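Student: So that you have it, the file is run_8.pdb, and it contains PDB, C-alpha atoms:
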```pdb
ATOM      1  CA  MET A   1     -24.173  35.132  -8.753  1.00  0.00           C
ATOM      2  CA  ASN A   2     -23.155  37.803 -11.266  1.00  0.00           C
ATOM      3  CA  LYS A   3     -21.209  39.558  -8.517  1.00  0.00           C
ATOM      4  CA  LEU A   4     -19.510  36.292  -7.502  1.00  0.00           C
ATOM      5  CA  PHE A   5     -18.330  35.478 -11.022  1.00  0.00           C
ATOM      6  CA  LYS A   6     -17.245  39.044 -11.778  1.00  0.00           C
ATOM      7  CA  GLU A   7     -15.093  38.932  -8.665  1.00  0.00           C
ATOM      8  CA  ALA A   8     -13.823  35.455  -9.573  1.00  0.00           C
ATOM      9  CA  ARG A   9     -12.849  36.680 -13.045  1.00  0.00           C
ATOM     10  CA  ARG A  10     -10.760  39.486 -11.517  1.00  0.00           C
ATOM     11  CA  PHE A  11      -9.132  37.142  -9.003  1.00  0.00           C
ATOM     12  CA  ALA A  12      -8.348  34.672 -11.810  1.00  0.00           C
ATOM     13  CA  GLN A  13      -5.788  37.049 -13.320  1.00  0.00           C
ATOM     14  CA  LEU A  14      -3.526  37.083 -10.248  1.00  0.00           C
ATOM     15  CA  ASN A  15      -1.008  34.505  -9.076  1.00  0.00           C
ATOM     16  CA  VAL A  16      -2.441  34.851  -5.570  1.00  0.00           C
ATOM     17  CA  PRO A  17      -4.057  32.018  -3.560  1.00  0.00           C
ATOM     18  CA  VAL A  18      -7.866  31.987  -3.542  1.00  0.00           C
ATOM     19  CA  LEU A  19      -9.943  30.255  -0.844  1.00  0.00           C
ATOM     20  CA  ILE A  20     -13.457  29.218  -1.925  1.00  0.00           C
ATOM     21  CA  LEU A  21     -15.969  28.785   0.907  1.00  0.00           C
ATOM     22  CA  GLY A  22     -19.442  27.279   0.684  1.00  0.00           C
ATOM     23  CA  GLU A  23     -21.712  24.464   1.820  1.00  0.00           C
ATOM     24  CA  ARG A  24     -21.536  21.013   0.276  1.00  0.00           C
ATOM     25  CA  GLY A  25     -22.973  20.857  -3.208  1.00  0.00           C
ATOM     26  CA  THR A  26     -22.800  24.581  -3.942  1.00  0.00           C
ATOM     27  CA  GLY A  27     -20.399  24.149  -6.870  1.00  0.00           C
ATOM     28  CA  LYS A  28     -17.038  25.077  -5.349  1.00  0.00           C
ATOM     29  CA  THR A  29     -15.124  22.648  -7.568  1.00  0.00           C
ATOM     30  CA  THR A  30     -16.933  23.966 -10.640  1.00  0.00           C
ATOM     31  CA  LEU A  31     -16.021  27.524  -9.657  1.00  0.00           C
ATOM     32  CA  ALA A  32     -12.378  26.538  -9.148  1.00  0.00           C
ATOM     33  CA  SER A  33     -12.291  24.994 -12.619  1.00  0.00           C
ATOM     34  CA  TRP A  34     -13.964  28.110 -14.076  1.00  0.00           C
ATOM     35  CA  ILE A  35     -11.334  30.354 -12.436  1.00  0.00           C
ATOM     36  CA  ARG A  36      -8.531  28.280 -13.939  1.00  0.00           C
ATOM     37  CA  LEU A  37     -10.107  28.317 -17.413  1.00  0.00           C
ATOM     38  CA  HIS A  38     -10.387  32.112 -17.270  1.00  0.00           C
ATOM     39  CA  SER A  39      -6.853  32.689 -16.044  1.00  0.00           C
ATOM     40  CA  PRO A  40      -3.342  32.815 -17.515  1.00  0.00           C
ATOM     41  CA  PHE A  41      -2.331  30.017 -15.106  1.00  0.00           C
ATOM     42  CA  ARG A  42      -3.428  27.182 -17.341  1.00  0.00           C
ATOM     43  CA  GLN A  43      -1.714  24.661 -19.568  1.00  0.00           C
ATOM     44  CA  GLU A  44      -4.333  23.780 -22.179  1.00  0.00           C
ATOM     45  CA  GLU A  45      -2.985  20.270 -22.675  1.00  0.00           C
ATOM     46  CA  GLN A  46      -3.858  19.553 -19.032  1.00  0.00           C
ATOM     47  CA  ASP A  47      -7.485  20.709 -19.220  1.00  0.00           C
ATOM     48  CA  SER A  48      -8.859  17.171 -18.893  1.00  0.00           C
ATOM     49  CA  HIS A  49      -6.591  16.251 -15.964  1.00  0.00           C
ATOM     50  CA  TRP A  50      -5.383  19.413 -14.257  1.00  0.00           C
ATOM     51  CA  PRO A  51      -3.833  19.077 -10.769  1.00  0.00           C
ATOM     52  CA  VAL A  52      -6.669  18.504  -8.301  1.00  0.00           C
ATOM     53  CA  VAL A  53      -6.359  16.904  -4.862  1.00  0.00           C
ATOM     54  CA  ALA A  54      -9.333  15.662  -2.831  1.00  0.00           C
ATOM     55  CA  CYS A  55      -7.519  16.120   0.481  1.00  0.00           C
ATOM     56  CA  GLY A  56      -9.829  13.869   2.527  1.00  0.00           C
ATOM     57  CA  GLN A  57      -8.858  10.823   0.447  1.00  0.00           C
ATOM     58  CA  TYR A  58      -5.240  10.799   1.626  1.00  0.00           C
ATOM     59  CA  ASN A  59      -3.333  10.270   4.829  1.00  0.00           C
ATOM     60  CA  PRO A  60      -0.473  12.751   5.449  1.00  0.00           C
ATOM     61  CA  GLU A  61       2.201  10.462   3.981  1.00  0.00           C
ATOM     62  CA  THR A  62       0.407   9.588   0.761  1.00  0.00           C
ATOM     63  CA  MET A  63      -0.716  13.171   0.234  1.00  0.00           C
ATOM     64  CA  ARG A  64       2.848  14.421   0.579  1.00  0.00           C
ATOM     65  CA  ALA A  65       3.983  11.880  -2.009  1.00  0.00           C
ATOM     66  CA  GLU A  66       1.116  12.879  -4.310  1.00  0.00           C
ATOM     67  CA  LEU A  67       1.949  16.573  -4.078  1.00  0.00           C
ATOM     68  CA  PHE A  68       5.732  16.613  -3.899  1.00  0.00           C
ATOM     69  CA  GLY A  69       6.598  13.402  -5.730  1.00  0.00           C
ATOM     70  CA  TYR A  70       9.290  10.960  -4.634  1.00  0.00           C
ATOM     71  CA  LYS A  71      12.519   9.263  -5.607  1.00  0.00           C
ATOM     72  CA  LYS A  72      12.939   5.544  -6.156  1.00  0.00           C
ATOM     73  CA  GLY A  73      13.552   3.754  -2.841  1.00  0.00           C
ATOM     74  CA  SER A  74      12.403   6.666  -0.655  1.00  0.00           C
ATOM     75  CA  PHE A  75       9.822   4.370   0.992  1.00  0.00           C
ATOM     76  CA  THR A  76       8.531   0.810   0.704  1.00  0.00           C
ATOM     77  CA  GLY A  77       6.861   0.415  -2.661  1.00  0.00           C
ATOM     78  CA  ALA A  78       8.626   3.361  -4.320  1.00  0.00           C
ATOM     79  CA  SER A  79       9.981   1.301  -7.213  1.00  0.00           C
ATOM     80  CA  LYS A  80      10.648   4.276  -9.497  1.00  0.00           C
ATOM     81  CA  ASP A  81      10.822   8.075  -9.462  1.00  0.00           C
ATOM     82  CA  LYS A  82       7.416   9.762  -9.559  1.00  0.00           C
ATOM     83  CA  GLU A  83       6.667  13.352 -10.408  1.00  0.00           C
ATOM     84  CA  GLY A  84       4.304  15.090  -7.981  1.00  0.00           C
ATOM     85  CA  LEU A  85       1.393  17.428  -8.650  1.00  0.00           C
ATOM     86  CA  LEU A  86       3.485  20.484  -7.764  1.00  0.00           C
ATOM     87  CA  ALA A  87       5.700  19.703 -10.741  1.00  0.00           C
ATOM     88  CA  ILE A  88       2.681  19.177 -12.982  1.00  0.00           C
ATOM     89  CA  ALA A  89       1.180  22.464 -11.735  1.00  0.00           C
ATOM     90  CA  ASP A  90       4.192  24.530 -12.869  1.00  0.00           C
ATOM     91  CA  GLY A  91       2.662  27.298 -14.989  1.00  0.00           C
ATOM     92  CA  ASP A  92      -0.792  25.987 -14.119  1.00  0.00           C
ATOM     93  CA  THR A  93      -3.175  25.875 -11.148  1.00  0.00           C
ATOM     94  CA  LEU A  94      -3.210  23.469  -8.193  1.00  0.00           C
ATOM     95  CA  PHE A  95      -6.568  22.896  -6.481  1.00  0.00           C
ATOM     96  CA  LEU A  96      -6.793  21.507  -2.934  1.00  0.00           C
ATOM     97  CA  ASP A  97     -10.398  20.469  -2.315  1.00  0.00           C
ATOM     98  CA  GLU A  98     -11.451  20.251   1.360  1.00  0.00           C
ATOM     99  CA  VAL A  99      -8.238  21.932   2.468  1.00  0.00           C
ATOM    100  CA  GLY A 100      -9.304  21.572   6.112  1.00  0.00           C
ATOM    101  CA  ASP A 101      -8.145  17.938   5.939  1.00  0.00           C
ATOM    102  CA  VAL A 102      -4.492  18.832   5.239  1.00  0.00           C
ATOM    103  CA  SER A 103      -2.196  17.795   8.119  1.00  0.00           C
ATOM    104  CA  ARG A 104      -0.224  20.389  10.089  1.00  0.00           C
ATOM    105  CA  ASP A 105       3.146  19.053   8.899  1.00  0.00           C
ATOM    106  CA  LEU A 106       2.052  19.220   5.283  1.00  0.00           C
ATOM    107  CA  GLN A 107       0.695  22.727   5.796  1.00  0.00           C
ATOM    108  CA  ARG A 108       4.190  23.883   6.782  1.00  0.00           C
ATOM    109  CA  LEU A 109       5.701  22.300   3.666  1.00  0.00           C
ATOM    110  CA  LEU A 110       3.067  23.972   1.511  1.00  0.00           C
ATOM    111  CA  ILE A 111       3.830  27.352   3.089  1.00  0.00           C
ATOM    112  CA  LYS A 112       7.443  26.992   1.910  1.00  0.00           C
ATOM    113  CA  ALA A 113       6.315  25.949  -1.576  1.00  0.00           C
ATOM    114  CA  LEU A 114       3.939  28.922  -1.746  1.00  0.00           C
ATOM    115  CA  GLU A 115       6.445  31.453  -0.482  1.00  0.00           C
ATOM    116  CA  GLU A 116       9.516  30.294  -2.389  1.00  0.00           C
ATOM    117  CA  LYS A 117       7.932  28.447  -5.336  1.00  0.00           C
ATOM    118  CA  GLN A 118      10.358  25.639  -4.485  1.00  0.00           C
ATOM    119  CA  TYR A 119       9.967  22.185  -2.968  1.00  0.00           C
ATOM    120  CA  MET A 120      11.784  18.903  -2.425  1.00  0.00           C
ATOM    121  CA  ALA A 121      10.498  15.495  -3.453  1.00  0.00           C
ATOM    122  CA  LEU A 122      10.544  12.678  -0.920  1.00  0.00           C
ATOM    123  CA  GLY A 123      14.006  11.097  -0.813  1.00  0.00           C
ATOM    124  CA  ASP A 124      15.554  13.865  -2.908  1.00  0.00           C
ATOM    125  CA  ASP A 125      18.323  16.252  -1.829  1.00  0.00           C
ATOM    126  CA  ARG A 126      17.696  18.768  -4.606  1.00  0.00           C
ATOM    127  CA  THR A 127      15.126  21.544  -4.729  1.00  0.00           C
ATOM    128  CA  HIS A 128      12.719  21.861  -7.631  1.00  0.00           C
ATOM    129  CA  LYS A 129      10.888  24.955  -8.837  1.00  0.00           C
ATOM    130  CA  SER A 130       7.183  25.262  -9.561  1.00  0.00           C
ATOM    131  CA  ASN A 131       5.461  28.557 -10.368  1.00  0.00           C
ATOM    132  CA  PHE A 132       1.964  27.328  -9.558  1.00  0.00           C
ATOM    133  CA  ARG A 133      -1.172  29.235  -8.583  1.00  0.00           C
ATOM    134  CA  LEU A 134      -3.097  27.767  -5.637  1.00  0.00           C
ATOM    135  CA  LEU A 135      -6.861  27.426  -5.273  1.00  0.00           C
ATOM    136  CA  THR A 136      -8.394  25.847  -2.177  1.00  0.00           C
ATOM    137  CA  ALA A 137     -11.952  25.085  -1.094  1.00  0.00           C
ATOM    138  CA  THR A 138     -13.826  23.838   1.943  1.00  0.00           C
ATOM    139  CA  ASN A 139     -17.368  23.398   3.256  1.00  0.00           C
ATOM    140  CA  ILE A 140     -16.111  23.943   6.819  1.00  0.00           C
ATOM    141  CA  GLY A 141     -17.099  27.200   8.488  1.00  0.00           C
ATOM    142  CA  MET A 142     -14.389  29.745   9.200  1.00  0.00           C
ATOM    143  CA  ASN A 143     -14.485  29.112  12.976  1.00  0.00           C
ATOM    144  CA  ASP A 144     -13.821  25.393  12.493  1.00  0.00           C
ATOM    145  CA  LEU A 145     -11.204  26.144   9.860  1.00  0.00           C
ATOM    146  CA  LEU A 146      -9.332  28.333  12.351  1.00  0.00           C
ATOM    147  CA  GLU A 147      -9.092  25.310  14.668  1.00  0.00           C
ATOM    148  CA  ARG A 148      -7.943  22.894  11.958  1.00  0.00           C
ATOM    149  CA  LEU A 149      -5.407  24.995  10.096  1.00  0.00           C
ATOM    150  CA  ASP A 150      -2.212  26.629  11.242  1.00  0.00           C
ATOM    151  CA  PRO A 151      -2.821  30.415  11.329  1.00  0.00           C
ATOM    152  CA  ASP A 152       0.190  31.059   9.079  1.00  0.00           C
ATOM    153  CA  PHE A 153      -1.110  28.587   6.491  1.00  0.00           C
ATOM    154  CA  LEU A 154      -4.668  29.948   6.616  1.00  0.00           C
ATOM    155  CA  ASP A 155      -3.376  33.492   6.215  1.00  0.00           C
ATOM    156  CA  ARG A 156      -1.515  32.519   3.058  1.00  0.00           C
ATOM    157  CA  ILE A 157      -4.291  30.554   1.353  1.00  0.00           C
ATOM    158  CA  SER A 158      -7.018  33.112   2.114  1.00  0.00           C
ATOM    159  CA  LEU A 159      -5.416  36.257   0.702  1.00  0.00           C
ATOM    160  CA  LEU A 160      -8.430  36.336  -1.618  1.00  0.00           C
ATOM    161  CA  THR A 161     -11.702  34.666  -0.581  1.00  0.00           C
ATOM    162  CA  LEU A 162     -14.894  33.818  -2.444  1.00  0.00           C
ATOM    163  CA  MET A 163     -18.128  32.742  -0.753  1.00  0.00           C
ATOM    164  CA  VAL A 164     -20.468  30.563  -2.831  1.00  0.00           C
ATOM    165  CA  PRO A 165     -24.036  31.038  -1.563  1.00  0.00           C
ATOM    166  CA  ALA A 166     -26.371  28.209  -0.639  1.00  0.00           C
ATOM    167  CA  LEU A 167     -29.358  27.812  -2.979  1.00  0.00           C
ATOM    168  CA  ARG A 168     -31.815  28.748  -0.220  1.00  0.00           C
ATOM    169  CA  GLU A 169     -30.107  32.160  -0.120  1.00  0.00           C
ATOM    170  CA  ILE A 170     -30.555  32.791  -3.859  1.00  0.00           C
ATOM    171  CA  ARG A 171     -33.972  31.331  -4.647  1.00  0.00           C
ATOM    172  CA  GLU A 172     -34.446  33.913  -7.411  1.00  0.00           C
ATOM    173  CA  GLU A 173     -31.643  32.130  -9.307  1.00  0.00           C
ATOM    174  CA  LEU A 174     -33.378  28.740  -9.267  1.00  0.00           C
ATOM    175  CA  ASN A 175     -35.147  29.203 -12.611  1.00  0.00           C
ATOM    176  CA  TRP A 176     -31.960  29.242 -14.702  1.00  0.00           C
ATOM    177  CA  LEU A 177     -30.022  26.981 -12.326  1.00  0.00           C
ATOM    178  CA  TRP A 178     -32.655  24.258 -12.618  1.00  0.00           C
ATOM    179  CA  GLU A 179     -32.671  24.475 -16.418  1.00  0.00           C
ATOM    180  CA  SER A 180     -28.871  24.296 -16.504  1.00  0.00           C
ATOM    181  CA  VAL A 181     -28.754  21.316 -14.133  1.00  0.00           C
ATOM    182  CA  TYR A 182     -31.516  19.496 -16.022  1.00  0.00           C
ATOM    183  CA  GLU A 183     -29.584  19.834 -19.296  1.00  0.00           C
ATOM    184  CA  SER A 184     -26.311  18.784 -17.629  1.00  0.00           C
ATOM    185  CA  ALA A 185     -28.001  15.738 -16.085  1.00  0.00           C
ATOM    186  CA  PHE A 186     -28.771  14.384 -19.566  1.00  0.00           C
ATOM    187  CA  GLN A 187     -25.156  14.777 -20.613  1.00  0.00           C
ATOM    188  CA  ARG A 188     -23.896  13.039 -17.476  1.00  0.00           C
ATOM    189  CA  ALA A 189     -26.432  10.228 -17.881  1.00  0.00           C
ATOM    190  CA  ASN A 190     -25.496   9.891 -21.573  1.00  0.00           C
ATOM    191  CA  ILE A 191     -29.105  10.396 -22.655  1.00  0.00           C
ATOM    192  CA  HIS A 192     -30.288  12.748 -25.404  1.00  0.00           C
ATOM    193  CA  SER A 193     -32.249  15.620 -23.854  1.00  0.00           C
ATOM    194  CA  SER A 194     -35.005  15.506 -26.496  1.00  0.00           C
ATOM    195  CA  LEU A 195     -36.228  12.214 -24.986  1.00  0.00           C
ATOM    196  CA  THR A 196     -37.630  13.865 -21.851  1.00  0.00           C
ATOM    197  CA  LYS A 197     -38.738  17.401 -22.560  1.00  0.00           C
ATOM    198  CA  LEU A 198     -40.612  19.121 -19.753  1.00  0.00           C
ATOM    199  CA  SER A 199     -43.690  21.160 -20.523  1.00  0.00           C
ATOM    200  CA  LYS A 200     -43.739  24.713 -19.195  1.00  0.00           C
ATOM    201  CA  THR A 201     -46.436  23.701 -16.695  1.00  0.00           C
ATOM    202  CA  HIS A 202     -44.356  20.853 -15.284  1.00  0.00           C
ATOM    203  CA  ASN A 203     -41.190  22.948 -15.279  1.00  0.00           C
ATOM    204  CA  ASP A 204     -42.878  25.818 -13.423  1.00  0.00           C
ATOM    205  CA  LYS A 205     -44.330  23.367 -10.902  1.00  0.00           C
ATOM    206  CA  ILE A 206     -40.883  21.902 -10.175  1.00  0.00           C
ATOM    207  CA  ILE A 207     -39.340  25.359  -9.704  1.00  0.00           C
ATOM    208  CA  SER A 208     -42.193  26.363  -7.414  1.00  0.00           C
ATOM    209  CA  HIS A 209     -41.507  23.355  -5.177  1.00  0.00           C
ATOM    210  CA  LEU A 210     -37.748  23.976  -5.261  1.00  0.00           C
ATOM    211  CA  LYS A 211     -38.240  27.538  -4.022  1.00  0.00           C
ATOM    212  CA  LYS A 212     -40.047  26.208  -0.941  1.00  0.00           C
ATOM    213  CA  HIS A 213     -37.523  23.466  -0.135  1.00  0.00           C
ATOM    214  CA  PRO A 214     -34.450  23.968   2.109  1.00  0.00           C
ATOM    215  CA  LEU A 215     -32.264  22.104  -0.445  1.00  0.00           C
ATOM    216  CA  PRO A 216     -29.594  21.012   2.049  1.00  0.00           C
ATOM    217  CA  GLY A 217     -27.589  19.323  -0.724  1.00  0.00           C
ATOM    218  CA  ASN A 218     -27.808  22.420  -2.934  1.00  0.00           C
ATOM    219  CA  LEU A 219     -26.998  21.600  -6.586  1.00  0.00           C
ATOM    220  CA  ARG A 220     -26.782  17.895  -5.752  1.00  0.00           C
ATOM    221  CA  ASP A 221     -30.464  18.009  -4.779  1.00  0.00           C
ATOM    222  CA  LEU A 222     -31.278  19.501  -8.172  1.00  0.00           C
ATOM    223  CA  PHE A 223     -29.328  16.751  -9.925  1.00  0.00           C
ATOM    224  CA  ARG A 224     -31.086  14.129  -7.796  1.00  0.00           C
ATOM    225  CA  ILE A 225     -34.473  15.424  -8.974  1.00  0.00           C
ATOM    226  CA  ALA A 226     -33.318  15.675 -12.581  1.00  0.00           C
ATOM    227  CA  TYR A 227     -32.071  12.075 -12.634  1.00  0.00           C
ATOM    228  CA  ARG A 228     -35.337  10.885 -11.091  1.00  0.00           C
ATOM    229  CA  ILE A 229     -37.321  12.627 -13.839  1.00  0.00           C
ATOM    230  CA  ILE A 230     -35.047  11.230 -16.544  1.00  0.00           C
TER     231      ILE A 230
END
```
Hey, can you dump this file as structure tokens for me?
Tutor:
Amino acid sequence: MNKLFKEARRFAQLNVPVLILGERGTGKTTLASWIRLHSPFRQEEQDSHWPVVACGQYNPETMRAELFGYKKGSFTGASKDKEGLLAIADGDTLFLDEVGDVSRDLQRLLIKALEEKQYMALGDDRTHKSNFRLLTATNIGMNDLLERLDPDFLDRISLLTLMVPALREIREELNWLWESVYESAFQRANIHSSLTKLSKTHNDKIISHLKKHPLPGNLRDLFRIAYRII
């Protein structure tokens, strides 16, 4: 984990696309946010709502509108001009989560935006500039990703790659990871952590069981256990 974050810190300084690979629940989104926070490609006023796209939630048309923006009247329901996430990401970082769900047509448009730092909004005849840095992530294996993504697009988004390990591969890290998750679970549940303190005996017993479990959901499994205890 030290090696992963040292590498991520170096990558964070470059306006070069980074692809984050890892199973579900390994913390890819958290790592992407950490990279942005430790990089010069960050507008502090956007920290609470920086440009993030959960690609699987959109069809190709709505995702294009979300990314590139649109002009009033460019499609049914477009009652006013709307700025897209590429505009918002100018001088900041754009994160495409589950990038394997991006359509082929949209991949080609993103290649142009990456290469030229320019794009066109839907219904617009003018180009707009955006000097954004791109982060992407997926839980799809590289073989499947090669089938889903255009080779030219994959080449461009994977110039730098980080692999987040599954918890079963780093069982020696579970002691501090469990403690961190347990503390975070209280914050997320809006409960003060002093209300449910674990004794060392109970804590050690939990970690012992975790080290024997396959933990298919990775950090989500740890949160599930923490919430149950709380």
Student: Could you tell me, as a ChimeraX atom specification, exactly which residues end up selected when the PyMOL selection byres ((chain A and resi 30-45) around 6) is applied to this structure?
Tutor: /A:12-13,27-29,46-47,91-93
Student: Need the shell around region 173-184 of chain A: protein/DNA/RNA residues with any atom at most 7 Å away, counting all atoms listed in the file. Skip same-chain ones fewer than 5 positions apart. Format as number ranges by chain?
Tutor: A: 193, 207, 222-223, 226
Student: Step by step, work through what the PyMOL selection byres ((chain A and resi 153-164) around 6) selects in the shown file, and finish by giving those residues as a CSV table (one decimal) with C-alpha atoms, in the frame of the given file.
Tutor:
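Printed below is selection20.csv as written:
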```
chain,number,residue,atom,x,y,z
A,17,PRO,CA,-4.1,32.0,-3.6
A,18,VAL,CA,-7.9,32.0,-3.5
A,19,LEU,CA,-9.9,30.3,-0.8
A,20,ILE,CA,-13.5,29.2,-1.9
A,21,LEU,CA,-16.0,28.8,0.9
A,22,GLY,CA,-19.4,27.3,0.7
A,150,ASP,CA,-2.2,26.6,11.2
A,151,PRO,CA,-2.8,30.4,11.3
A,152,ASP,CA,0.2,31.1,9.1
A,165,PRO,CA,-24.0,31.0,-1.6
```
Student: The PyMOL selection byres ((chain A and resi 120) around 12) on the file shown: which residues, as a PyMOL selection string?
Tutor: chain A and resi 64-65+67-71+83-84+86-87+109-110+112-113+116-119+121-130
Student: Could you write out that same residue set with C-alpha atoms as a tab-separated table (two decimals), in the frame of the given file?
Tutor:
```tsv
chain	number	residue	atom	x	y	z
A	64	ARG	CA	2.85	14.42	0.58
A	65	ALA	CA	3.98	11.88	-2.01
A	67	LEU	CA	1.95	16.57	-4.08
A	68	PHE	CA	5.73	16.61	-3.90
A	69	GLY	CA	6.60	13.40	-5.73
A	70	TYR	CA	9.29	10.96	-4.63
A	71	LYS	CA	12.52	9.26	-5.61
A	83	GLU	CA	6.67	13.35	-10.41
A	84	GLY	CA	4.30	15.09	-7.98
A	86	LEU	CA	3.48	20.48	-7.76
A	87	ALA	CA	5.70	19.70	-10.74
A	109	LEU	CA	5.70	22.30	3.67
A	110	LEU	CA	3.07	23.97	1.51
A	112	LYS	CA	7.44	26.99	1.91
A	113	ALA	CA	6.32	25.95	-1.58
A	116	GLU	CA	9.52	30.29	-2.39
A	117	LYS	CA	7.93	28.45	-5.34
A	118	GLN	CA	10.36	25.64	-4.49
A	119	TYR	CA	9.97	22.18	-2.97
A	121	ALA	CA	10.50	15.50	-3.45
A	122	LEU	CA	10.54	12.68	-0.92
A	123	GLY	CA	14.01	11.10	-0.81
A	124	ASP	CA	15.55	13.86	-2.91
A	125	ASP	CA	18.32	16.25	-1.83
A	126	ARG	CA	17.70	18.77	-4.61
A	127	THR	CA	15.13	21.54	-4.73
A	128	HIS	CA	12.72	21.86	-7.63
A	129	LYS	CA	10.89	24.96	-8.84
A	130	SER	CA	7.18	25.26	-9.56
```
Student: Report, in Å to a single decimal, how far apart CA of Met63 (chain A) and CA of Leu149 (chain A) are.
Tutor: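 CA of Leu149 (chain A) sits 16.1 Å away from CA of Met63 (chain A).
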Student: Quick one: residues within 10 Å of Ile206 (chain A), only C-alpha atoms, excluding same-chain residues fewer than 4 positions away - as a list in words?
Tutor: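 So the residues in contact are Asn175, Trp178, Leu198, Lys200, Thr201, His202, Leu210, Lys211 and Ile225 of chain A.
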Student: Take CA of Leu215 (chain A) and CA of Glu172 (chain A) and report the distance between them in Å, one decimal.
Tutor: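 So the answer is 13.9 Å.
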Student: Edge lengths and centre in Å to one decimal, as lines of an AutoDock Vina configuration file, is what I'm after for the box along x, y and z that holds all listed atoms of region 165-177 of chain A once 4 Å is added on each side.
Tutor:
```
center_x = -29.6
center_y = 30.4
center_z = -7.4
size_x = 19.1
size_y = 14.9
size_z = 22.6
```
Student: Would you fill out region 176-189 of chain A with N, CA, C and O atoms and return it as a short mmCIF file (atom, residue, chain, number, x, y, z; two decimals), in the frame of the given file?
Tutor:
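What landed in rebuild_14.cif:
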```
data_model
loop_
_atom_site.label_atom_id
_atom_site.label_comp_id
_atom_site.auth_asym_id
_atom_site.auth_seq_id
_atom_site.Cartn_x
_atom_site.Cartn_y
_atom_site.Cartn_z
N TRP A 176 -33.01 29.58 -13.73
CA TRP A 176 -31.96 29.24 -14.70
C TRP A 176 -31.05 28.13 -14.19
O TRP A 176 -30.55 27.33 -14.99
N LEU A 177 -30.86 28.05 -12.86
CA LEU A 177 -30.02 26.98 -12.33
C LEU A 177 -30.66 25.61 -12.58
O LEU A 177 -29.98 24.66 -12.96
N TRP A 178 -31.96 25.53 -12.37
CA TRP A 178 -32.66 24.26 -12.62
C TRP A 178 -32.54 23.85 -14.08
O TRP A 178 -32.24 22.70 -14.40
N GLU A 179 -32.75 24.79 -14.99
CA GLU A 179 -32.67 24.48 -16.42
C GLU A 179 -31.26 24.02 -16.79
O GLU A 179 -31.09 23.08 -17.58
N SER A 180 -30.26 24.67 -16.23
CA SER A 180 -28.87 24.30 -16.50
C SER A 180 -28.55 22.91 -15.96
O SER A 180 -27.93 22.08 -16.65
N VAL A 181 -28.99 22.62 -14.74
CA VAL A 181 -28.75 21.32 -14.13
C VAL A 181 -29.49 20.22 -14.91
O VAL A 181 -28.93 19.14 -15.15
N TYR A 182 -30.73 20.50 -15.30
CA TYR A 182 -31.52 19.50 -16.02
C TYR A 182 -30.83 19.11 -17.33
O TYR A 182 -30.73 17.93 -17.67
N GLU A 183 -30.30 20.10 -18.04
CA GLU A 183 -29.58 19.83 -19.30
C GLU A 183 -28.29 19.06 -19.02
O GLU A 183 -27.96 18.11 -19.73
N SER A 184 -27.57 19.47 -17.97
CA SER A 184 -26.31 18.78 -17.63
C SER A 184 -26.56 17.34 -17.21
O SER A 184 -25.74 16.45 -17.48
N ALA A 185 -27.69 17.09 -16.55
CA ALA A 185 -28.00 15.74 -16.08
C ALA A 185 -28.12 14.77 -17.26
O ALA A 185 -27.71 13.61 -17.18
N PHE A 186 -28.68 15.23 -18.38
CA PHE A 186 -28.77 14.38 -19.57
C PHE A 186 -27.39 14.03 -20.10
O PHE A 186 -27.12 12.88 -20.47
N GLN A 187 -26.51 15.02 -20.13
CA GLN A 187 -25.16 14.78 -20.61
C GLN A 187 -24.44 13.77 -19.73
O GLN A 187 -23.76 12.86 -20.22
N ARG A 188 -24.57 13.95 -18.40
CA ARG A 188 -23.90 13.04 -17.48
C ARG A 188 -24.47 11.63 -17.54
O ARG A 188 -23.76 10.64 -17.37
N ALA A 189 -25.78 11.54 -17.79
CA ALA A 189 -26.43 10.23 -17.88
C ALA A 189 -26.30 9.60 -19.27
O ALA A 189 -26.76 8.48 -19.50
#
```
